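Asks: Encoded as structure tokens, here's the structure I'll be asking about.
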Amino acid sequence: MRLNLSRWMLYILVIGWSVIALGIFSVKSAPAMAAPVPLSKQTPIQVRVELGNEQGDLKFFPDHLSFEAGKRYQLVLENHSPTKHYFTAKDFADGIWSQKVDAGNVEVKGAIHELELRSQTHADWVFIPARAGEYALRCTVPGHAEAGMVGTINISG
Ligand SMILES: [Cu+2]
């Protein structure tokens, strides 16, 4: 009985040391990795769009935008025209992760679906596209889309 007990103690010791040794070995063999910069803090890719122009043309410049899913963008919207315009792309807005909109001294966080830009204003929309697809863009001021103020936005996967 006494012999059996000491044998068990020996087993436990051997198993215990093996576990500890394995632990040290696996820690040492793990490759050293630099902490990756989170996507939400990566330097955004800047894309500029003008809503109308000084001459009052009812168009987006450019009227086709392309984004890649999983990258961080700063969409700079500018209105140098004499009237207000909308940047309306609701399905596109559903397919992205909106981080914030910077407009003047105000920063709006969270989901955004539509932006209204008064004459001579600008706004920065920071987001990460998620869902690939082809989305419609339009200005919802009455008559503007009909006059050609429409566009397309592509998200590639
Ligand atoms: Cu418009």
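Numbering starts fresh at 1 for the residues of each chain in the structure tokens, the chains themselves are lettered A, B, ... in the order given, and ligands are numbered from 1 as they appear.
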Could you pull the residues within 8 Å of A:Ser98, counting only C-alpha atoms, minus those fewer than 5 positions along the same chain, as a ChimeraX atom specification?

Replies: /A:93,109-112,125-128

Asks: At a cut-off of 8 Å and counting only C-alpha atoms and all ligand atoms, what residues surround ligand 1? Please answer as a list in words.

Replies: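 These are the residues that qualify: Leu51, Gly52, Leu58, Lys59, Thr83, Lys84, His85, Tyr86, Arg138, Cys139, Thr140, Val141, Pro142, His144, Ala145 and Met149 of chain A.
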
Asks: Find the residue from A:Gly104, A:Lys41, A:Pro62, A:Lys90 that sits nearest to A:Thr121; use only C-alpha atoms when measuring.

Replies: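 Smallest distance to A:Thr121 is found for A:Gly104.
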
Asks: Mind giving me the straight-line distance from atom CA of A:Ala147 to atom CA of A:Glu116 in Å, one decimal?

Replies: 18.0 Å

Asks: Just want the 10 Å neighbourhood of A:Ala132, counted on only C-alpha atoms, with same-chain residues fewer than 3 positions away dropped. Output as a PyMOL selection string.

Replies: chain A and resi 67-69+92+95-96+129+135+154-157

Asks: If you run DSSP on the backbone, which residues of stretch 7-156 of chain A are strand (DSSP E or B), as a PyMOL selection string?

Replies: chain A and resi 45-51+60-61+64-68+73-79+85-88+96-103+106-109+114-117+121-129+133-138+150-156
